[in-house]
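Below is model.json, which holds JSON, C-alpha atoms.
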```json
[["chain", "number", "residue", "atom", "x", "y", "z"],
["A", 41, "MET", "CA", 22.17, 11.82, -14.26],
["A", 42, "GLY", "CA", 24.39, 14.73, -13.22],
["A", 43, "CYS", "CA", 21.47, 17.15, -13.55],
["A", 44, "GLU", "CA", 19.25, 14.88, -11.46],
["A", 45, "ASN", "CA", 21.92, 14.67, -8.77],
["A", 46, "LYS", "CA", 22.20, 18.47, -8.66],
["A", 47, "GLU", "CA", 18.43, 18.83, -8.38],
["A", 48, "ALA", "CA", 18.32, 16.26, -5.58],
["A", 49, "ALA", "CA", 21.19, 17.98, -3.76],
["A", 50, "ALA", "CA", 19.43, 21.34, -4.05],
["A", 51, "LEU", "CA", 16.23, 19.81, -2.69],
["A", 52, "VAL", "CA", 18.02, 18.22, 0.26],
["A", 53, "LYS", "CA", 19.70, 21.56, 0.98],
["A", 54, "LYS", "CA", 16.32, 23.31, 1.00],
["A", 55, "ILE", "CA", 14.89, 20.64, 3.32],
["A", 56, "ALA", "CA", 17.93, 20.99, 5.59],
["A", 57, "GLY", "CA", 17.26, 24.72, 5.83],
["A", 58, "LEU", "CA", 13.68, 24.05, 6.90],
["A", 59, "HIS", "CA", 14.91, 21.45, 9.39],
["A", 60, "ALA", "CA", 17.25, 24.03, 10.91],
["A", 61, "ALA", "CA", 14.41, 26.54, 11.24],
["A", 62, "ILE", "CA", 12.03, 23.95, 12.74],
["A", 63, "SER", "CA", 14.72, 22.86, 15.21],
["A", 64, "LYS", "CA", 14.92, 26.42, 16.52],
["A", 65, "LEU", "CA", 11.21, 26.69, 17.26],
["A", 66, "PRO", "CA", 10.52, 27.23, 20.96],
["A", 67, "SER", "CA", 7.70, 24.68, 20.67],
["A", 68, "LEU", "CA", 6.35, 22.29, 18.05],
["A", 69, "SER", "CA", 2.78, 23.04, 19.14],
["A", 70, "PRO", "CA", 0.60, 24.82, 16.58],
["A", 71, "SER", "CA", 1.48, 28.49, 16.12],
["A", 72, "PRO", "CA", 1.64, 30.76, 13.08],
["A", 73, "GLU", "CA", 5.41, 30.23, 12.80],
["A", 74, "ALA", "CA", 5.29, 26.46, 13.25],
["A", 75, "ASP", "CA", 2.31, 26.12, 10.88],
["A", 76, "ALA", "CA", 4.11, 28.09, 8.18],
["A", 77, "LEU", "CA", 7.32, 26.05, 8.46],
["A", 78, "PHE", "CA", 5.62, 22.65, 8.35],
["A", 79, "THR", "CA", 3.37, 23.77, 5.50],
["A", 80, "ALA", "CA", 6.48, 24.85, 3.58],
["A", 81, "LEU", "CA", 8.14, 21.50, 4.34],
["A", 82, "VAL", "CA", 5.18, 19.52, 2.99],
["A", 83, "ALA", "CA", 5.08, 21.72, -0.10],
["A", 84, "VAL", "CA", 8.79, 21.08, -0.78],
["A", 85, "CYS", "CA", 8.59, 17.31, -0.28],
["A", 86, "THR", "CA", 5.41, 16.39, -2.17],
["A", 87, "PRO", "CA", 5.67, 17.64, -5.81],
["A", 88, "PRO", "CA", 6.38, 14.97, -8.48],
["A", 89, "SER", "CA", 9.71, 16.68, -9.10],
["A", 90, "ALA", "CA", 10.80, 16.01, -5.51],
["A", 91, "ALA", "CA", 12.70, 12.85, -6.45],
["A", 92, "VAL", "CA", 15.18, 11.88, -3.75],
["A", 93, "ASP", "CA", 16.15, 8.35, -2.78],
["A", 94, "VAL", "CA", 16.62, 8.64, 0.98],
["A", 95, "ALA", "CA", 18.50, 5.33, 1.00],
["A", 96, "THR", "CA", 21.39, 7.01, -0.84],
["A", 97, "LEU", "CA", 21.78, 10.01, 1.48],
["A", 98, "GLY", "CA", 25.14, 10.69, 3.04],
["A", 99, "PRO", "CA", 25.69, 10.36, 6.82],
["A", 100, "ARG", "CA", 24.95, 14.01, 7.62],
["A", 101, "ALA", "CA", 21.76, 14.09, 5.54],
["A", 102, "ARG", "CA", 20.65, 10.78, 7.06],
["A", 103, "ARG", "CA", 20.99, 12.21, 10.56],
["A", 104, "MET", "CA", 19.10, 15.32, 9.52],
["A", 105, "ARG", "CA", 16.31, 13.23, 7.99],
["A", 106, "ALA", "CA", 16.01, 10.97, 11.07],
["A", 107, "ASP", "CA", 15.65, 14.02, 13.29],
["A", 108, "LEU", "CA", 13.15, 15.65, 10.93],
["A", 109, "VAL", "CA", 10.96, 12.54, 10.87],
["A", 110, "ARG", "CA", 10.95, 12.58, 14.68],
["A", 111, "LEU", "CA", 10.09, 16.30, 14.74],
["A", 112, "CYS", "CA", 7.27, 15.79, 12.24],
["A", 113, "ALA", "CA", 5.79, 12.95, 14.31],
["A", 114, "ASP", "CA", 5.93, 15.11, 17.44],
["A", 115, "ALA", "CA", 4.40, 18.09, 15.67],
["A", 116, "GLU", "CA", 1.63, 15.95, 14.18],
["A", 117, "ALA", "CA", 0.73, 14.60, 17.63],
["A", 118, "ARG", "CA", 0.60, 18.15, 19.02],
["A", 119, "LEU", "CA", -1.50, 19.37, 16.10],
["A", 120, "GLU", "CA", -3.99, 16.53, 16.54],
["A", 121, "ALA", "CA", -4.21, 17.16, 20.30],
["A", 122, "HIS", "CA", -4.79, 20.87, 19.71],
["A", 123, "CYS", "CA", -7.46, 20.26, 17.07],
["A", 124, "SER", "CA", -9.15, 17.54, 19.13],
["A", 125, "ASP", "CA", -9.46, 19.95, 22.07],
["A", 126, "ALA", "CA", -10.74, 22.74, 19.83],
["A", 127, "LEU", "CA", -13.30, 20.51, 18.12],
["A", 128, "ALA", "CA", -14.50, 19.02, 21.42],
["A", 129, "ALA", "CA", -15.31, 22.55, 22.58],
["A", 130, "LEU", "CA", -17.80, 22.96, 19.73],
["A", 131, "ASP", "CA", -21.37, 21.79, 19.56],
["A", 132, "ALA", "CA", -21.64, 18.60, 17.45],
["A", 133, "PRO", "CA", -17.85, 18.40, 16.89],
["A", 134, "LEU", "CA", -18.10, 15.54, 14.40],
["A", 135, "ASP", "CA", -19.94, 17.92, 12.08],
["A", 136, "HIS", "CA", -16.87, 20.16, 12.02],
["A", 137, "LEU", "CA", -14.11, 17.67, 11.26],
["A", 138, "ARG", "CA", -13.32, 19.52, 8.05],
["A", 139, "LEU", "CA", -11.72, 22.20, 10.20],
["A", 140, "PHE", "CA", -8.78, 19.83, 10.69],
["A", 141, "PRO", "CA", -6.18, 21.14, 8.21],
["A", 142, "TYR", "CA", -5.52, 17.77, 6.55],
["A", 143, "HIS", "CA", -9.08, 16.44, 6.63],
["A", 144, "ASP", "CA", -9.40, 16.07, 2.86],
["A", 145, "ASN", "CA", -6.05, 14.31, 2.62],
["A", 146, "TYR", "CA", -7.18, 11.72, 5.16],
["A", 147, "VAL", "CA", -10.50, 11.28, 3.37],
["A", 148, "ARG", "CA", -8.60, 10.42, 0.19],
["A", 149, "LEU", "CA", -6.16, 8.23, 2.07],
["A", 150, "GLY", "CA", -9.02, 6.21, 3.55],
["A", 151, "GLU", "CA", -10.57, 5.83, 0.10],
["A", 152, "LEU", "CA", -7.24, 4.69, -1.29],
["A", 153, "GLU", "CA", -6.59, 2.15, 1.46],
["A", 154, "HIS", "CA", -10.06, 0.66, 1.16],
["A", 155, "ALA", "CA", -9.81, 0.57, -2.64],
["A", 156, "LEU", "CA", -6.49, -1.27, -2.45],
["A", 157, "LEU", "CA", -7.95, -3.76, 0.02],
["A", 158, "SER", "CA", -11.00, -4.29, -2.19],
["A", 159, "ARG", "CA", -8.88, -4.73, -5.32],
["A", 160, "HIS", "CA", -6.05, -6.91, -4.06],
["A", 161, "ALA", "CA", -7.21, -8.74, -0.91],
["A", 162, "PRO", "CA", -9.88, -11.46, -0.60],
["A", 163, "ASP", "CA", -13.40, -10.05, -0.62],
["A", 164, "HIS", "CA", -14.12, -10.62, 3.07],
["A", 165, "LEU", "CA", -11.17, -8.43, 4.09],
["A", 166, "ALA", "CA", -12.76, -5.39, 2.40],
["A", 167, "VAL", "CA", -15.82, -5.83, 4.67],
["A", 168, "PRO", "CA", -14.18, -7.01, 7.90],
["A", 169, "ALA", "CA", -15.90, -7.80, 11.18],
["A", 170, "ARG", "CA", -13.09, -6.56, 13.42],
["A", 171, "VAL", "CA", -10.44, -3.95, 12.67],
["A", 172, "ALA", "CA", -7.52, -2.65, 14.72],
["A", 173, "PHE", "CA", -6.05, 0.79, 14.12],
["A", 174, "VAL", "CA", -2.63, 1.06, 15.76],
["A", 175, "GLY", "CA", -1.50, 4.61, 16.49],
["A", 176, "SER", "CA", -4.93, 6.27, 16.35],
["A", 177, "GLY", "CA", -3.91, 9.43, 18.24],
["A", 178, "SER", "CA", -5.87, 12.27, 19.83],
["A", 179, "LEU", "CA", -7.92, 12.87, 16.68],
["A", 180, "PRO", "CA", -8.78, 9.38, 15.35],
["A", 181, "LEU", "CA", -9.90, 10.71, 11.99],
["A", 182, "SER", "CA", -8.66, 7.79, 9.89],
["A", 183, "ALA", "CA", -10.32, 5.20, 12.10],
["A", 184, "LEU", "CA", -13.56, 7.19, 12.21],
["A", 185, "LEU", "CA", -13.64, 7.64, 8.42],
["A", 186, "LEU", "CA", -12.99, 3.93, 7.87],
["A", 187, "ALA", "CA", -15.79, 2.98, 10.27],
["A", 188, "ALA", "CA", -18.25, 5.52, 8.88],
["A", 189, "ARG", "CA", -17.59, 5.35, 5.15],
["A", 190, "HIS", "CA", -15.91, 2.07, 4.23],
["A", 191, "MET", "CA", -16.48, -0.57, 6.93],
["A", 192, "PRO", "CA", -20.01, 0.12, 8.18],
["A", 193, "ASP", "CA", -20.38, -3.16, 10.07],
["A", 194, "ALA", "CA", -16.91, -3.42, 11.57],
["A", 195, "ALA", "CA", -15.97, -3.05, 15.22],
["A", 196, "VAL", "CA", -12.92, -0.75, 15.20],
["A", 197, "ASP", "CA", -10.52, -0.97, 18.14],
["A", 198, "CYS", "CA", -8.08, 1.96, 18.36],
["A", 199, "PHE", "CA", -4.74, 1.52, 20.09],
["A", 200, "ASP", "CA", -2.35, 4.25, 21.18],
["A", 201, "ARG", "CA", 0.36, 4.10, 23.82],
["A", 202, "CYS", "CA", -0.48, 7.64, 24.99],
["A", 203, "GLY", "CA", -3.27, 7.63, 27.57],
["A", 204, "ALA", "CA", -3.89, 11.37, 27.14],
["A", 205, "ALA", "CA", -4.41, 10.87, 23.40],
["A", 206, "ASN", "CA", -7.00, 8.19, 24.04],
["A", 207, "GLU", "CA", -8.79, 10.37, 26.58],
["A", 208, "ARG", "CA", -9.01, 13.17, 24.01],
["A", 209, "ALA", "CA", -10.30, 10.76, 21.37],
["A", 210, "ARG", "CA", -12.97, 9.34, 23.71],
["A", 211, "ARG", "CA", -14.09, 12.83, 24.72],
["A", 212, "LEU", "CA", -14.35, 13.96, 21.11],
["A", 213, "LEU", "CA", -16.49, 11.01, 20.08],
["A", 214, "LEU", "CA", -18.60, 11.22, 23.22],
["A", 215, "ARG", "CA", -19.25, 14.90, 22.52],
["A", 216, "GLY", "CA", -19.99, 13.97, 18.92],
["A", 217, "ASN", "CA", -22.99, 11.85, 19.93],
["A", 218, "ASP", "CA", -23.52, 10.35, 16.47],
["A", 219, "GLY", "CA", -26.63, 8.48, 17.53],
["A", 220, "GLY", "CA", -25.24, 4.97, 17.57],
["A", 221, "GLY", "CA", -23.32, 5.33, 14.32],
["A", 222, "ALA", "CA", -19.64, 4.74, 13.58],
["A", 223, "ALA", "CA", -18.43, 6.17, 16.89],
["A", 224, "SER", "CA", -20.48, 3.62, 18.81],
["A", 225, "ARG", "CA", -18.48, 0.83, 17.14],
["A", 226, "MET", "CA", -15.12, 2.30, 18.17],
["A", 227, "THR", "CA", -13.15, 1.57, 21.33],
["A", 228, "PHE", "CA", -9.88, 3.06, 22.61],
["A", 229, "ARG", "CA", -7.17, 1.23, 24.47],
["A", 230, "THR", "CA", -3.88, 2.50, 25.87],
["A", 231, "ALA", "CA", -1.18, -0.01, 24.95],
["A", 232, "ASP", "CA", 2.11, -0.35, 23.14],
["A", 233, "VAL", "CA", 1.53, -2.57, 20.11],
["A", 234, "GLU", "CA", 4.49, -4.72, 21.13],
["A", 235, "GLU", "CA", 2.66, -5.57, 24.36],
["A", 236, "LEU", "CA", -0.30, -7.00, 22.42],
["A", 237, "THR", "CA", -0.16, -10.73, 21.70],
["A", 238, "HIS", "CA", -3.20, -13.00, 21.48],
["A", 239, "GLU", "CA", -5.51, -9.97, 21.03],
["A", 240, "LEU", "CA", -4.06, -9.34, 17.57],
["A", 241, "ALA", "CA", -5.31, -12.69, 16.29],
["A", 242, "ALA", "CA", -8.91, -11.46, 16.62],
["A", 243, "TYR", "CA", -8.63, -8.87, 13.83],
["A", 244, "ASP", "CA", -9.38, -9.30, 10.14],
["A", 245, "VAL", "CA", -7.47, -6.12, 9.24],
["A", 246, "VAL", "CA", -4.80, -4.17, 11.13],
["A", 247, "PHE", "CA", -3.93, -0.60, 10.10],
["A", 248, "LEU", "CA", -0.47, 0.63, 11.13],
["A", 249, "ALA", "CA", -0.18, 4.42, 11.37],
["A", 250, "ALA", "CA", 3.01, 6.03, 10.11],
["A", 251, "PRO", "CA", 4.26, 7.42, 13.46],
["A", 252, "VAL", "CA", 4.27, 3.95, 15.07],
["A", 253, "GLY", "CA", 7.98, 3.21, 15.00],
["A", 254, "VAL", "CA", 9.79, 6.29, 13.72],
["A", 255, "THR", "CA", 13.18, 4.60, 13.24],
["A", 256, "PRO", "CA", 13.78, 1.71, 10.80],
["A", 257, "GLU", "CA", 14.65, -0.57, 13.72],
["A", 258, "GLU", "CA", 11.48, 0.28, 15.61],
["A", 259, "LYS", "CA", 9.30, -0.15, 12.53],
["A", 260, "ALA", "CA", 10.88, -3.51, 11.67],
["A", 261, "ARG", "CA", 10.33, -4.68, 15.25],
["A", 262, "VAL", "CA", 6.66, -3.66, 15.20],
["A", 263, "ILE", "CA", 6.00, -5.38, 11.86],
["A", 264, "ALA", "CA", 7.76, -8.56, 13.00],
["A", 265, "HIS", "CA", 5.66, -8.54, 16.19],
["A", 266, "LEU", "CA", 2.45, -8.20, 14.17],
["A", 267, "GLY", "CA", 3.64, -11.04, 11.95],
["A", 268, "ARG", "CA", 4.06, -13.30, 14.97],
["A", 269, "HIS", "CA", 0.66, -12.60, 16.49],
["A", 270, "MET", "CA", -1.84, -11.70, 13.73],
["A", 271, "ALA", "CA", -4.09, -14.47, 12.42],
["A", 272, "ALA", "CA", -3.12, -16.29, 9.23],
["A", 273, "GLY", "CA", -4.88, -14.67, 6.30],
["A", 274, "ALA", "CA", -5.50, -11.35, 8.07],
["A", 275, "ALA", "CA", -4.58, -8.14, 6.24],
["A", 276, "LEU", "CA", -2.04, -5.53, 7.28],
["A", 277, "VAL", "CA", -2.22, -1.99, 5.88],
["A", 278, "VAL", "CA", 1.01, -0.04, 6.40],
["A", 279, "ARG", "CA", 1.50, 3.68, 5.81],
["A", 280, "SER", "CA", 4.91, 4.49, 4.40],
["A", 281, "ALA", "CA", 6.60, 7.15, 2.28],
["A", 282, "HIS", "CA", 8.41, 7.38, -1.05],
["A", 283, "GLY", "CA", 10.99, 9.78, -2.44],
["A", 284, "ALA", "CA", 11.29, 13.12, -0.66],
["A", 285, "ARG", "CA", 8.20, 12.26, 1.38],
["A", 286, "GLY", "CA", 10.64, 10.13, 3.36],
["A", 287, "PHE", "CA", 11.72, 13.35, 5.08],
["A", 288, "LEU", "CA", 8.20, 13.65, 6.53],
["A", 289, "CYS", "CA", 7.57, 10.15, 7.85],
["A", 290, "PRO", "CA", 9.22, 6.71, 8.07],
["A", 291, "VAL", "CA", 9.87, 4.70, 4.92],
["A", 292, "VAL", "CA", 8.81, 1.06, 5.03],
["A", 293, "GLU", "CA", 10.27, -1.19, 2.37],
["A", 294, "PRO", "CA", 8.10, -4.07, 1.08],
["A", 295, "ALA", "CA", 11.02, -6.40, 1.86],
["A", 296, "GLU", "CA", 10.66, -5.47, 5.54],
["A", 297, "VAL", "CA", 6.99, -6.41, 5.46],
["A", 298, "ARG", "CA", 7.88, -9.75, 3.85],
["A", 299, "ARG", "CA", 10.48, -10.43, 6.51],
["A", 300, "GLY", "CA", 7.73, -9.93, 9.07],
["A", 301, "GLY", "CA", 5.87, -12.92, 7.66],
["A", 302, "PHE", "CA", 3.50, -11.23, 5.22],
["A", 303, "GLN", "CA", 2.67, -11.56, 1.54],
["A", 304, "VAL", "CA", 2.80, -8.11, -0.04],
["A", 305, "LEU", "CA", -0.32, -7.66, -2.19],
["A", 306, "ALA", "CA", 0.01, -4.05, -3.33],
["A", 307, "VAL", "CA", 2.28, -1.03, -3.02],
["A", 308, "HIS", "CA", 1.05, 2.43, -3.90],
["A", 309, "HIS", "CA", 3.12, 5.62, -4.19],
["A", 310, "PRO", "CA", 0.99, 8.79, -4.70],
["A", 311, "ASP", "CA", 3.63, 10.73, -6.58],
["A", 312, "ASN", "CA", 1.17, 12.89, -8.52],
["A", 313, "SER", "CA", -0.52, 14.59, -5.58],
["A", 314, "GLU", "CA", 0.16, 16.37, -2.31],
["A", 315, "MET", "CA", -0.83, 13.26, -0.36],
["A", 316, "VAL", "CA", 2.08, 12.28, 1.86],
["A", 317, "TYR", "CA", 1.66, 8.58, 2.49],
["A", 318, "SER", "CA", 2.43, 5.55, 0.43],
["A", 319, "VAL", "CA", 0.36, 2.46, 1.25],
["A", 320, "ILE", "CA", 1.41, -1.17, 1.49],
["A", 321, "VAL", "CA", -1.29, -3.84, 1.68],
["A", 322, "ALA", "CA", -0.15, -7.27, 2.84],
["A", 323, "ARG", "CA", -1.60, -10.55, 4.07],
["A", 324, "LYS", "CA", -0.30, -12.66, 6.94],
["A", 325, "GLY", "CA", 1.14, -16.09, 6.44],
["A", 326, "TYR", "CA", 0.83, -16.65, 2.67],
["A", 327, "LEU", "CA", 3.68, -17.26, 0.26],
["A", 328, "GLU", "CA", 4.08, -14.55, -2.35],
["A", 329, "LEU", "CA", 3.42, -16.51, -5.53],
["A", 330, "VAL", "CA", 2.92, -13.49, -7.76],
["A", 331, "PRO", "CA", 4.58, -10.07, -7.67],
["A", 332, "PRO", "CA", 2.64, -7.40, -5.76],
["A", 333, "ALA", "CA", 0.78, -4.72, -7.66],
["A", 334, "VAL", "CA", 2.92, -1.59, -7.61],
["A", 335, "SER", "CA", 1.63, 1.81, -8.68],
["A", 336, "PRO", "CA", 4.10, 3.22, -11.21],
["A", 337, "PRO", "CA", 6.07, 6.24, -10.04],
["A", 338, "CYS", "CA", 4.22, 9.49, -10.74],
["A", 339, "ASN", "CA", 0.95, 7.66, -11.33],
["A", 340, "CYS", "CA", -1.85, 7.89, -8.78],
["A", 341, "CYS", "CA", -4.53, 5.35, -8.03],
["A", 342, "GLU", "CA", -7.82, 5.54, -9.92],
["A", 343, "VAL", "CA", -9.50, 6.69, -6.71],
["A", 344, "GLU", "CA", -7.35, 9.82, -6.59],
["A", 345, "LYS", "CA", -7.81, 10.51, -10.29],
["A", 346, "ALA", "CA", -11.55, 10.30, -9.94],
["A", 347, "ARG", "CA", -11.61, 12.74, -7.04],
["A", 348, "GLY", "CA", -9.16, 15.23, -8.49],
["A", 349, "SER", "CA", -6.13, 16.82, -6.91],
["A", 350, "VAL", "CA", -5.67, 17.30, -3.20],
["A", 351, "PRO", "CA", -6.18, 20.85, -1.93],
["A", 352, "SER", "CA", -3.06, 22.97, -1.63],
["A", 353, "THR", "CA", -1.16, 22.75, 1.64],
["A", 354, "SER", "CA", -1.78, 26.48, 1.99],
["A", 355, "CYS", "CA", -5.22, 25.37, 3.22],
["A", 356, "HIS", "CA", -3.43, 24.30, 6.40],
["A", 357, "LEU", "CA", -2.97, 27.91, 7.49],
["A", 358, "ASP", "CA", -6.55, 28.86, 6.66],
["A", 359, "ALA", "CA", -7.92, 25.88, 8.59],
["A", 360, "MET", "CA", -5.78, 26.60, 11.64],
["A", 361, "ASP", "CA", -7.01, 30.20, 11.66],
["A", 362, "GLU", "CA", -10.60, 28.95, 11.50],
["A", 363, "ILE", "CA", -10.04, 26.50, 14.38],
["A", 364, "ARG", "CA", -8.53, 29.25, 16.52],
["A", 365, "ARG", "CA", -11.41, 31.62, 15.68],
["A", 366, "ARG", "CA", -14.08, 29.07, 16.65],
["A", 367, "ALA", "CA", -12.30, 27.76, 19.74],
["A", 368, "TRP", "CA", -11.48, 31.16, 21.18]]
```
Could you write out this file's structure as structure tokens?
Amino acid sequence: MGCENKEAAALVKKIAGLHAAISKLPSLSPSPEADALFTALVAVCTPPSAAVDVATLGPRARRMRADLVRLCADAEARLEAHCSDALAALDAPLDHLRLFPYHDNYVRLGELEHALLSRHAPDHLAVPARVAFVGSGSLPLSALLLAARHMPDAAVDCFDRCGAANERARRLLLRGNDGGGAASRMTFRTADVEELTHELAAYDVVFLAAPVGVTPEEKARVIAHLGRHMAAGAALVVRSAHGARGFLCPVVEPAEVRRGGFQVLAVHHPDNSEMVYSVIVARKGYLELVPPAVSPPCNCCEVEKARGSVPSTSCHLDAMDEIRRRAW
């Protein structure tokens, strides 16, 4: 136990050093320096050996982590805006989505989320008629991949409280001109999720992006709001984090989802890959009669095993260089 504590302390110290360097950046917008620091941060936080329970951090480390999660959310939004603008400047931008540095990670994440829905939720929720994606951002890659690859008949409504992000997303898909395909089934609405009420009852599945509610209090409030207004039996898919990944994005505990009025069906922690997000699949308004399926620590879903390991985060730098070359 002493050795594990020393390793965890050394890891937190390394993360704190990266936090200090990121905090000194003149801007969180994409740049060679910012790209290198965030790539290094992801590389430190995602190996199987990066075992840190963020719930046990001391006060100083907790403050550092809270600030780092906020910085990561801000940097991700800026990266997506930058890439959305660069892609929209290309001919047939939807044919070049792989230029986004984390494209392959989001492909695998979409496969994982749909596989968990298919495996643990009632059959009709894996082929829904209406889907909401809350926190879709400037580059709505997750929503687009779900509509194109996994939910081919679903109408997908994307919500983001940033009007500029929605304008970028609309422009990208309009420029994409996919001939009446997935993009034609997607809409974009500027709204805070906590301002949505009766509209939420129309959806079979609601996806909650990680940056929606960056503090525990905000996340709990959002989940409780969804629990009050989603239809009974509808599915909620929540992106969370586990272990040292909790320095990159908010951690959502299954107990918090239950308190929101949901039955937790499955919890997945991708501890064997460079994928950042954990996934919680839940269902509104049903008592939890059996324990949820939980992926064992350091054991990835069959979907990930079948597809192999995620590309190294060093690909981030190569992809950013390629985006800059094509855009300018």
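Straight-line separation from atom CA of A:Ala188 to atom CA of A:Asp232: 25.5 Å.
Nearest to A:Leu248 of all the residues A:Ala155, A:Ala271, A:Ala209, A:Val297 is A:Val297, counting all atoms listed in the file.
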Problem - Atomic distance atom CA of A:Phe302 - atom CA of A:Leu276, expressed in Å with one decimal - result: 8.2 Å
Practice task
Using atom CA of A:Leu236 and atom CA of A:Gly150 as the two end points, give the distance in Å to one decimal.
Solution key: 24.6 Å
Practice task
Do a neighbour search on stretch 312-323 of chain A at 6 Å with only C-alpha atoms, toss out local chain neighbours closer than 3 positions, and write the hits as a count of residues only.
Solution key: 23
Problem - Neighbour list for A:Arg299 as an MDAnalysis selection string, cut-off 12 Å, all atoms listed in the file, skip fewer than 2 positions in-chain - result: chainID A and resid 259:268 292:297 301:304 322 324:325 327:328
Fill in the blank from the handout: With distances taken over all atoms listed in the file, the candidate from A:Ala128, A:Ile62, A:Val94, A:Leu212 nearest A:Thr79 is A:Ile62
Exercise for the section: Kindly provide, as number ranges by chain, the polymer residues lying within 8 Å of (4.0, 7.2, 12.4), counting only C-alpha atoms and using the coordinates exactly as they appear in the file. Expected result: A: 113, 175, 249-254, 279, 289-290
Completion exercise
Nearest to A:Pro141, restricted to only C-alpha atoms and choosing among A:Arg201, A:His238, A:His122, A:Lys53, comes out as A:His122
Handout entry: Surrounding residues of A:Arg118 excluding itself and chain neighbours under 3 positions, 12 Å, all atoms listed in the file, as a ChimeraX atom specification
Key = /A:67-71,74-75,111-115,121-125,177-179,204-205,208
Given 4 Å on each side, where is the centre and what are the edge lengths in Å to one decimal of the axis-aligned box enclosing the listed atoms of stretch 181-193 of chain A, as AutoDock Vina command-line options?
```
--center_x -14.5 --center_y 3.8 --center_z 8.2 --size_x 19.7 --size_y 21.9 --size_z 16.0
```
Practice task
Using all atoms listed in the file, pick whichever of A:Arg285, A:Arg298, A:Arg159, A:Arg100 has the shortest atom-to-atom distance to A:Pro87.
Solution key: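 For A:Pro87, the nearest of the candidates is A:Arg285.
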Practice task
Within 8 Å of A:Thr227, counting all atoms listed in the file, which residues show up once you throw out same-chain ones fewer than 5 positions away? Write them as a list in words, please.
Solution key: Val196, Asp197 and Cys198 of chain A
Those same residues, written as a compact mmCIF listing (two decimals), in the coordinates of the input with C-alpha atoms?
```
# COMPACT_ATOMS: atom_id res chain seq x y z
CA VAL A 196 -12.92 -0.75 15.20
CA ASP A 197 -10.52 -0.97 18.14
CA CYS A 198 -8.08 1.96 18.36
```
Extract, using all atoms listed in the file, all DNA, RNA and protein residues at most 7 Å from A:Leu240, discarding same-chain residues fewer than 3 positions from it, and format them as a CSV table (one decimal) with C-alpha atoms, keeping the file's coordinate frame.
```csv
chain,number,residue,atom,x,y,z
A,236,LEU,CA,-0.3,-7.0,22.4
A,237,THR,CA,-0.2,-10.7,21.7
A,243,TYR,CA,-8.6,-8.9,13.8
A,269,HIS,CA,0.7,-12.6,16.5
A,270,MET,CA,-1.8,-11.7,13.7
```
Practice task
Give as a VMD selection string the set of residues within 10 Å of the point (-11.3, 4.0, -1.7), where distances use the file's coordinates and all atoms listed in the file.
Solution key: chain A and resid 147 to 159 186 189 to 190 341 to 344
Practice task
May I ask which of the residues A:Cys202, A:Met226, A:Val291, A:Ala80 is the closest one to A:Glu257, counting only C-alpha atoms?
Solution key: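 Closest residue, counting only C-alpha atoms: A:Val291.
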